[in-house]
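Data first, discussion second: the structure below is written as structure tokens.
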Amino acid sequence: MKETRVDIQIPEEINVIIEDYMVKISGPKGELQREFVYPGITITKTDSKVIVDTQLVGRSQIAMIGTFVSHIKNMIIGVTKGFEYKLKVVYAHFPIQVKVEGSTFSIGNFLGERKPRKAKILPNVDIQIVKDEIFVRGINKEYVAQTAANMEQATRIKRRDPRVFQDGVHVVGWSQWTK
């Protein structure tokens, strides 16, 4: 039988507040909050632990406990260390110009196109451009990853041979950002 209760240790510099279904976690890098709702699953807090528990022992409850635990752990890592994705600008045919314009990421001269391609930057995500490398940083893992994916998808090439046209903005790695 699978585990129906999981304890998550809270580091000392982290503050956790649980109200109804809302979990708020604050730390040195900022504050994250998220709503966790699923039938039969409860989230409570003791002095130094967050407890995710269920009385029902169905497969879906066990799976959802694992999901909730992963989200809470990612929130704790986010407010202590943060997350970073590294992308690389690759071109062989036309030099690509990249820049941040408010809440959009602009990719100009992609394959010689006149109109720049745009990618949405989600809230509380910082972008740093260093020559042909792009660093996407933030405390919310989902927002950082989705912003990096938006940038990569904006340069997707259609109706051309991908072996020849490898131009674009590509994710080359991710890590926990500690600066």
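Labels used: A, B, ... for chains in the order of the structure tokens, numbers from 1 for residues in each chain, and numbers from 1 for ligands as shown.
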
Please build the interface table for stretch 16-131 of chain A against stretch 148-165 of chain A with a cut-off of 8 Å, listing for each qualifying residue the nearest atom pair and the distance in Å to one decimal; count only C-alpha atoms, order rows by chain and increasing number, and write it as a Markdown table.
```
| residue | atom | partner | partner_atom | distance |
| --- | --- | --- | --- | --- |
| A:Tyr85 | CA | A:Ala148 | CA | 6.9 |
| A:Leu87 | CA | A:Ala148 | CA | 7.6 |
| A:Ala92 | CA | A:Phe165 | CA | 7.9 |
| A:Phe105 | CA | A:Met151 | CA | 7.2 |
| A:Phe110 | CA | A:Thr155 | CA | 7.6 |
| A:Arg117 | CA | A:Ala154 | CA | 6.3 |
| A:Lys118 | CA | A:Ala154 | CA | 6.5 |
| A:Ala119 | CA | A:Met151 | CA | 5.3 |
| A:Lys120 | CA | A:Asn150 | CA | 6.4 |
| A:Ile121 | CA | A:Asn150 | CA | 7.8 |
```

With a distance cut-off of 6 Å and only C-alpha atoms, select the neighbouring residues of stretch 10-19 of chain A, excluding the residue or stretch itself and same-chain residues fewer than 5 positions from it, and output the selection as an mmCIF file with N, CA and C atoms, in the first residue's frame.
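Wrote it out as part13.cif, contents follow:
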```cif
data_model
loop_
_atom_site.group_PDB
_atom_site.id
_atom_site.type_symbol
_atom_site.label_atom_id
_atom_site.label_comp_id
_atom_site.auth_asym_id
_atom_site.auth_seq_id
_atom_site.Cartn_x
_atom_site.Cartn_y
_atom_site.Cartn_z
ATOM 1 N N LYS A 24 0.667 29.747 1.195
ATOM 2 C CA LYS A 24 1.536 30.899 0.934
ATOM 3 C C LYS A 24 2.902 30.589 1.529
ATOM 4 N N ILE A 25 3.929 30.702 0.696
ATOM 5 C CA ILE A 25 5.298 30.444 1.140
ATOM 6 C C ILE A 25 6.127 31.672 0.825
ATOM 7 N N SER A 26 6.801 32.212 1.855
ATOM 8 C CA SER A 26 7.658 33.371 1.632
ATOM 9 C C SER A 26 9.056 33.060 2.153
ATOM 10 N N GLY A 27 10.042 33.643 1.462
ATOM 11 C CA GLY A 27 11.433 33.412 1.815
ATOM 12 C C GLY A 27 12.294 34.580 1.381
ATOM 13 N N SER A 48 7.406 22.729 12.188
ATOM 14 C CA SER A 48 8.467 22.720 11.186
ATOM 15 C C SER A 48 8.165 21.833 9.992
ATOM 16 N N LYS A 49 6.896 21.459 9.806
ATOM 17 C CA LYS A 49 6.543 20.557 8.710
ATOM 18 C C LYS A 49 5.228 20.975 8.062
#
```

Inset, instruction - Using DSSP on the backbone, list every residue of stretch 11-150 of chain A that comes out as alpha helix (DSSP H), and give them as a count of residues only. - result: 32

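Computed from the coordinates, the atom CA of A:Val136 to atom CA of A:Phe36 distance equals 26.5 Å.
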
Inset, instruction - Have a look at A:Leu32, A:Ile41, A:Met22, A:Val79 and name the one nearest to A:Ala63; count only C-alpha atoms. - result: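 Answer, going by the shortest atom-to-atom distance: A:Ile41.
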
Legend entry - Nearest to A:Lys99 by atom-to-atom distance, counting only C-alpha atoms, from A:Ser70, A:Lys131, A:Arg34, A:Pro123: A:Lys131
